[in-house]
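One structure is given here, and the rest of the page talks about it.
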Amino acid sequence: MDKVIKDLLDTYKVTKQTRDFLSKPLGMYIDGKFVSGNANETLDVMEPSTGKHLAQIARGNEQDINDAVSSAKQAFEGEWAAYKPRAREQVMRKISDLIRENLQTIAELECLDSGKAISGCKAVDIAGAANVWEYFAGWATKISGSTRDTSMPGEYFTYTQKEPVGVVGAIVPWNWPFAMATWKLAAPLAAGCTVVLKPAELTSLSMLYFMTLCEQAGLPKGVINIVTGKGSIVGTALSTHPDIAKVSFTGSTEVGKLIGKNIADDIKHVTLELGGKSPMIAFNDADTDALARATLGSIYFNAGQVCSAGSRLYVQRGVYDEVVEKIKKIAESIKLGTGLDPQTQMGPVISKAQQQSIMNYIEIGKKEGARLVTGGYALEQDGFFIKPTLFADTTNDMRIVQEEIFGPVLVMQVFDTEDEVVALANDNEFGLASSIWTQDVSRVHRMVPQIKAGNVWVNIHDPGDPNMAFGGVKHSGVGKDLGPEQLEHYLESKTVWINIGAKND
Ligand code: NAD
C-alpha cells in the first residue's frame with residue numbers, strides 16, 4: 001500500500017474492516033463468490049484527496065457479463081422465484097440492518113474511493129441507503145394486481161396480476177456510488193427480479209464490500225452480481241445482453257442516449273436517470289439566509305458532483321446583491337479537506353480529468369464575461385481540489401449556464417418578473433430538478449405546473465425520502481427511482497380473462 005495512503009488510514013483511525021478489505025485482492029462478485037474475472041486483468045483506483053494509488057479492481061469483459069447474467073437468470077427462475085414475499089422482505093431488512101451496523105466501514109471505503117466528505121456521506125449516502133432497503137423491503141409483501149369489472153357480453157372473471165420483469169442490468173455513476181447502486185437494487189429485489197450491476201470504474205469498492213453483507217444476510221447466490229470494469233466494454237455488454245429484460249441506468253445524458261439506441265432493437269424496459277442543470281428561483285420575499293445556506297446542501301455538497309444540484313440561481317432584483325454577498329460568504333467559509341476528516345465540508349472532485357473539465361468551464365465563464373465573485377481556482381497541492389466558485393451576472397446564452405459543469409460552480413443572474421424567470425428556468429435541455437424560494441403560496445401554485453422538471457421543491461433544495469419518486473424530464477431522463485413509481489418499473493402487469501359463462505352440465 002502507498003505510504004501516503006497508509007498514513008491517511010492511520011491519521012483518521014480507519015476501522016480494521018476497512019483495512020482488511022483493502023488488503024485483499026478485490027474481485028468481481030458473480031454467482032455468489034468473488035472471482036478475478038475471465039481475463040484476470042485489473043484497473044487501478046486512485047484516492048482523490050492525494051492522487052495516490054488506493055486499490056486495484058478487476059477489469060471485467062463480455063464473458064464476465066455472460067457469466068453474471070446466466071447466474072442472475074438461474075436465480076430468477078429458481079431459488080429467488082421460490083422466495084415468498086415475506087422471505088424477500090426479511091432478507092432485505094437484514095441487509096438494511098447490516099448497512100447500519102457497518103455504516104462506518106462503508107463510509108470510509110466510499111470516502112477513500114470517491115473523495116466524499118465523511119460527515120455527509122454517513123448521514124446522507126449510507127444511512128439513506130439503509131432507509132431505502134428498509135422501505136422497499138416493506139413493499140415486497142404489498143405487490144398485488146386487481147380484479148376488474150368489464151362490459152363485454154358474457155360472464156368472465158377478469159383480473160390483473162403483477163410479475164417481476166426478469167433480470168435487470170443496472171449501471172451507475174461515480175458521484176453517489178453506494179446510494180445510486182442501492183436505488184438500482186432494492187426496488188427490483190422487492191419485485192422479485194435479480195440484478196447484474198456495474199459500478200463506475202472509479203468507484204466500485206463500497207459495492208464489493210456490500211456483497212459481503214449480502215452474504216451475511218443470506219441472500220441467495222445470483223440475486224445480485226457485481227461486474228466491475230470499463231463502461232464501453234462491460235456496460236455495453238450488459239445493456240445489450242439478450243437475457244436482460246430491463247436496463248436501469250444512472251449517468252450522463254451522452255451515455256444514456258447511447259444506451260437508448262443500443263437497446264432499441266431488443267425492446268427492453270428502460271429507466272434513464274441522466275444529467276441536470278437545475279434552477280433555483282428566489283423572489284424578493286425569499287428567506288435569503290435559508291437560500292444561501294441551501295447552497296451547502298446543493299451546489300457545494302459533494303463538491304458539486306450532484307445531478308440535482310441547484311447549479312443555476314435566478315434572483316429577483318430587490319435581493320440580488322444581498323444574495324451574492326451571502327453566498328460569497330458561505331462559499332468562502334467552506335472547509336476543504338480529505339474526505340476522511342470529519343471536519344471536512346467539501347472533499348476533492350473525483351479525478352484529475354474531472355478537475356480539468358471543471359477548470360475548463362471556469363475559464364469559459366471568464367471568457368463569456370460572467371463576474372467571478374469567489375473561487376475559480378484549483379488548490380495547488382496533491383489531490384483534485386477546487387475552491388467553491390460563484391459566478392454572478394450571467395446570461396442564459398452562456399455555456400456555463402446551459403451545460404452541466406458537475407463541480408462546485410454556481411452561476412447566478414438577476415430577473416424582474418415571474419413570467420421572465422419561468423422562461424429562463426425552462427430554457428435548458430435538462431429537466432431534473434428545481435426549487436422556488438418565496439413566501440407567496442399563490443405564486444408557488446402558479447409556478448409548479450409551469451416548471452419543466454421532474455422535481456419541484458419550495459423553500460428547500462434537494463430533500464429526499466424513499467417514498468418520494470425521483471427522476472427527470474427532457475434530457476434528464478425517463479422513469480423514476482424511489483417510491484411506488486419505481487416499483488412499478490420492475491413489474492409486468494398481466495391481464496387475465498377467464499370465460500366462466502359456459503356450463504358443461
Ligand atoms: P457516465 O455516463 O460517464 O457513466 C455512468 C456509468 O455508465 C458508469 O458506470 C460507466 O462506466 C458506464 N458507461 C460508460 N459508457 C458506457 C456505455 N457505452 N454503455 C454502458 N455503460 C457505460 O456518468 P458519470 O460521469 O459516471 O456520472 C456523472 C453523470 O451522472 C452526470 O451527468 C450526472 O448528472 C449523472 N447522474 C444522474 C443522476 C440522476 O438521478 N439523474 C444521479 C447521479 C448522477
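Here's how to read the names in the C-alpha cells: chain A, B, ... by the order shown, residue numbers from 1 in each chain, ligand numbers from 1 in the order shown.
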
Using only C-alpha atoms, which protein or nucleic acid residues come within 7 Å of region 209-221 of chain A? Drop anything in the same chain fewer than 3 positions from it, and give the result as a PDB file with N, CA, C and O atoms, in the first residue's frame.
```pdb
ATOM      1  N   ASP A  31     -22.213 -15.025  -9.212  1.00  0.00           N
ATOM      2  CA  ASP A  31     -22.742 -16.333  -8.787  1.00  0.00           C
ATOM      3  C   ASP A  31     -22.344 -16.682  -7.349  1.00  0.00           C
ATOM      4  O   ASP A  31     -21.929 -17.807  -7.066  1.00  0.00           O
ATOM      5  N   GLY A  32     -22.439 -15.684  -6.496  1.00  0.00           N
ATOM      6  CA  GLY A  32     -22.243 -15.947  -5.064  1.00  0.00           C
ATOM      7  C   GLY A  32     -20.809 -16.013  -4.599  1.00  0.00           C
ATOM      8  O   GLY A  32     -20.551 -16.431  -3.468  1.00  0.00           O
ATOM      9  N   VAL A  91     -35.011 -10.868   4.120  1.00  0.00           N
ATOM     10  CA  VAL A  91     -33.591 -10.763   3.750  1.00  0.00           C
ATOM     11  C   VAL A  91     -33.232  -9.313   3.426  1.00  0.00           C
ATOM     12  O   VAL A  91     -32.139  -8.832   3.741  1.00  0.00           O
ATOM     13  N   LYS A  94     -32.719  -7.505   6.633  1.00  0.00           N
ATOM     14  CA  LYS A  94     -31.428  -7.897   7.215  1.00  0.00           C
ATOM     15  C   LYS A  94     -30.300  -7.076   6.541  1.00  0.00           C
ATOM     16  O   LYS A  94     -29.372  -6.616   7.218  1.00  0.00           O
ATOM     17  N   ILE A  95     -30.415  -6.921   5.227  1.00  0.00           N
ATOM     18  CA  ILE A  95     -29.405  -6.114   4.517  1.00  0.00           C
ATOM     19  C   ILE A  95     -29.406  -4.691   5.069  1.00  0.00           C
ATOM     20  O   ILE A  95     -28.343  -4.104   5.337  1.00  0.00           O
ATOM     21  N   LEU A  98     -27.667  -4.605   8.372  1.00  0.00           N
ATOM     22  CA  LEU A  98     -26.209  -4.773   8.252  1.00  0.00           C
ATOM     23  C   LEU A  98     -25.543  -3.506   7.714  1.00  0.00           C
ATOM     24  O   LEU A  98     -24.408  -3.198   8.082  1.00  0.00           O
ATOM     25  N   LEU A 205     -15.575   0.148  -4.872  1.00  0.00           N
ATOM     26  CA  LEU A 205     -15.213  -0.534  -3.628  1.00  0.00           C
ATOM     27  C   LEU A 205     -16.391  -0.794  -2.691  1.00  0.00           C
ATOM     28  O   LEU A 205     -16.535  -1.889  -2.157  1.00  0.00           O
ATOM     29  N   SER A 206     -17.230   0.234  -2.482  1.00  0.00           N
ATOM     30  CA  SER A 206     -18.294   0.057  -1.481  1.00  0.00           C
ATOM     31  C   SER A 206     -19.276  -1.032  -1.909  1.00  0.00           C
ATOM     32  O   SER A 206     -19.803  -1.757  -1.065  1.00  0.00           O
TER      33      SER A 206
END
```

Residues flagged strand (DSSP E) by DSSP in region 299-367 of chain A, as a short mmCIF file (atom, residue, chain, number, x, y, z; two decimals) with N, CA, C and O atoms, in the first residue's frame:
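Below you can see out18.cif, which holds the result:
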```
data_model
loop_
_atom_site.label_atom_id
_atom_site.label_comp_id
_atom_site.auth_asym_id
_atom_site.auth_seq_id
_atom_site.Cartn_x
_atom_site.Cartn_y
_atom_site.Cartn_z
N GLY A 310 -28.53 22.53 -7.34
CA GLY A 310 -29.06 23.81 -7.83
C GLY A 310 -27.90 24.58 -8.42
O GLY A 310 -27.22 25.33 -7.74
N SER A 311 -27.67 24.38 -9.70
CA SER A 311 -26.44 24.92 -10.30
C SER A 311 -26.67 26.24 -11.03
O SER A 311 -25.72 26.91 -11.42
N ARG A 312 -27.96 26.62 -11.23
CA ARG A 312 -28.28 27.93 -11.81
C ARG A 312 -29.15 28.64 -10.78
O ARG A 312 -30.17 28.08 -10.35
N LEU A 313 -28.79 29.85 -10.41
CA LEU A 313 -29.59 30.58 -9.42
C LEU A 313 -30.11 31.87 -10.06
O LEU A 313 -29.32 32.70 -10.52
N TYR A 314 -31.44 32.00 -10.07
CA TYR A 314 -32.09 33.22 -10.58
C TYR A 314 -32.66 33.98 -9.38
O TYR A 314 -33.45 33.41 -8.61
N VAL A 315 -32.24 35.23 -9.23
CA VAL A 315 -32.66 36.01 -8.06
C VAL A 315 -33.32 37.32 -8.52
O VAL A 315 -32.78 38.03 -9.38
N GLN A 316 -34.47 37.61 -7.88
CA GLN A 316 -35.18 38.84 -8.26
C GLN A 316 -34.37 40.07 -7.83
O GLN A 316 -33.64 40.03 -6.83
#
```

Near ligand 1, 8 Å: chain A residue rows, closest pairs, only C-alpha atoms and all ligand atoms, as a tab-separated table:
```
residue	atom	partner	partner_atom_place_in_ligand_line	distance
A:Ile171	CA	ligand 1	9 (O)	5.2
A:Val172	CA	ligand 1	9 (O)	4.6
A:Pro173	CA	ligand 1	26 (O)	3.4
A:Trp174	CA	ligand 1	26 (O)	4.7
A:Asn175	CA	ligand 1	44 (C)	6.1
A:Trp176	CA	ligand 1	43 (C)	6.4
A:Met180	CA	ligand 1	43 (C)	6.8
A:Lys198	CA	ligand 1	9 (O)	5.9
A:Pro199	CA	ligand 1	9 (O)	4.9
A:Ala200	CA	ligand 1	9 (O)	3.4
A:Glu201	CA	ligand 1	11 (O)	5.6
A:Gly229	CA	ligand 1	11 (O)	7.1
A:Lys230	CA	ligand 1	11 (O)	5.2
A:Gly231	CA	ligand 1	11 (O)	3.2
A:Ser232	CA	ligand 1	18 (N)	4.2
A:Ile233	CA	ligand 1	17 (C)	7.1
A:Val234	CA	ligand 1	20 (C)	7.0
A:Gly235	CA	ligand 1	20 (C)	3.4
A:Thr236	CA	ligand 1	19 (N)	4.0
A:Ala237	CA	ligand 1	20 (C)	7.6
A:Leu238	CA	ligand 1	20 (C)	7.3
A:Ser239	CA	ligand 1	20 (C)	6.3
A:Phe249	CA	ligand 1	7 (O)	7.2
A:Thr250	CA	ligand 1	37 (C)	5.2
A:Gly251	CA	ligand 1	30 (O)	3.1
A:Ser252	CA	ligand 1	32 (O)	3.5
A:Thr253	CA	ligand 1	32 (O)	6.0
A:Glu254	CA	ligand 1	2 (O)	6.5
A:Val255	CA	ligand 1	2 (O)	4.7
A:Gly256	CA	ligand 1	2 (O)	6.7
A:Leu258	CA	ligand 1	18 (N)	6.4
A:Ile259	CA	ligand 1	19 (N)	5.9
A:Leu272	CA	ligand 1	41 (N)	7.4
A:Glu273	CA	ligand 1	41 (N)	3.7
A:Leu274	CA	ligand 1	41 (N)	4.0
A:Gly275	CA	ligand 1	34 (O)	3.2
A:Gly276	CA	ligand 1	34 (O)	5.2
A:Gln305	CA	ligand 1	33 (C)	7.3
A:Val306	CA	ligand 1	43 (C)	6.2
A:Cys307	CA	ligand 1	34 (O)	3.5
A:Ser308	CA	ligand 1	41 (N)	7.0
A:Glu404	CA	ligand 1	32 (O)	7.0
A:Phe406	CA	ligand 1	31 (C)	6.8
A:Leu432	CA	ligand 1	41 (N)	6.7
A:Phe470	CA	ligand 1	40 (O)	7.0
A:Gly471	CA	ligand 1	41 (N)	6.0
A:Gly472	CA	ligand 1	41 (N)	6.4
A:Ser476	CA	ligand 1	41 (N)	6.1
A:Gly477	CA	ligand 1	41 (N)	6.9
A:Asp481	CA	ligand 1	40 (O)	7.6
```

Exercise. Leaving out Ala425 (chain A) and any residue of its chain fewer than 5 positions from it, which residues lie within 10 Å of it when counting only C-alpha atoms, given as a list in words?
Worked result: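 Listed by chain and then number, they are Lys277, Ser278, Pro279, Met280, Ile281, Arg312, Leu313, Tyr314, Asn396, Glu420, Gly431, Ser434, Gln450, Ile451, Lys452 and Ala453 of chain A.
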
Exercise. Do you know which residues are at most 10 Å from Gln439 (chain A) counting only C-alpha atoms, after dropping those on the same chain fewer than 6 positions away, and could you put them as a list in words?
Worked result: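 What passes the distance filter is Phe283, Asn284, Asp285, Ala286, Asp287, Val458 and Asn459 of chain A.
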
Any chance you can output those residues with N, CA, C and O atoms as a compact mmCIF listing (two decimals), in the first residue's frame?
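What landed in again16.txt:
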```txt
# COMPACT_ATOMS: atom_id res chain seq x y z
N PHE A 283 -37.38 34.83 -5.12
CA PHE A 283 -38.09 36.11 -5.26
C PHE A 283 -37.70 37.06 -4.13
O PHE A 283 -37.06 36.65 -3.15
N ASN A 284 -38.15 38.32 -4.27
CA ASN A 284 -37.78 39.35 -3.28
C ASN A 284 -38.21 38.99 -1.86
O ASN A 284 -37.60 39.43 -0.89
N ASP A 285 -39.28 38.17 -1.73
CA ASP A 285 -39.77 37.84 -0.38
C ASP A 285 -39.14 36.55 0.15
O ASP A 285 -39.60 35.99 1.15
N ALA A 286 -38.11 36.04 -0.51
CA ALA A 286 -37.49 34.78 -0.06
C ALA A 286 -36.71 34.98 1.23
O ALA A 286 -36.22 36.08 1.50
N ASP A 287 -36.59 33.91 2.00
CA ASP A 287 -35.69 33.92 3.16
C ASP A 287 -34.27 33.74 2.60
O ASP A 287 -33.85 32.63 2.28
N VAL A 458 -39.97 23.64 -2.82
CA VAL A 458 -40.28 25.01 -2.44
C VAL A 458 -39.65 25.32 -1.08
O VAL A 458 -39.88 24.60 -0.11
N ASN A 459 -38.84 26.37 -1.06
CA ASN A 459 -38.12 26.81 0.14
C ASN A 459 -37.21 25.72 0.72
O ASN A 459 -37.00 25.65 1.94
```

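Comparing the minimum interatomic distances between Ile5 (chain A) and each of A:Asp419, A:Glu380, A:Glu47, A:Asp20, counting only C-alpha atoms, we find that A:Glu47 sits nearest.
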
Problem set entry | 10 Å contact set for region 141-157 of chain A, only C-alpha atoms, chain neighbours under 4 positions out, as an NGL selection string | :A and (84-89 or 136-137 or 161-163 or 190-191 or 484 or 487-488 or 491 or 493-502)
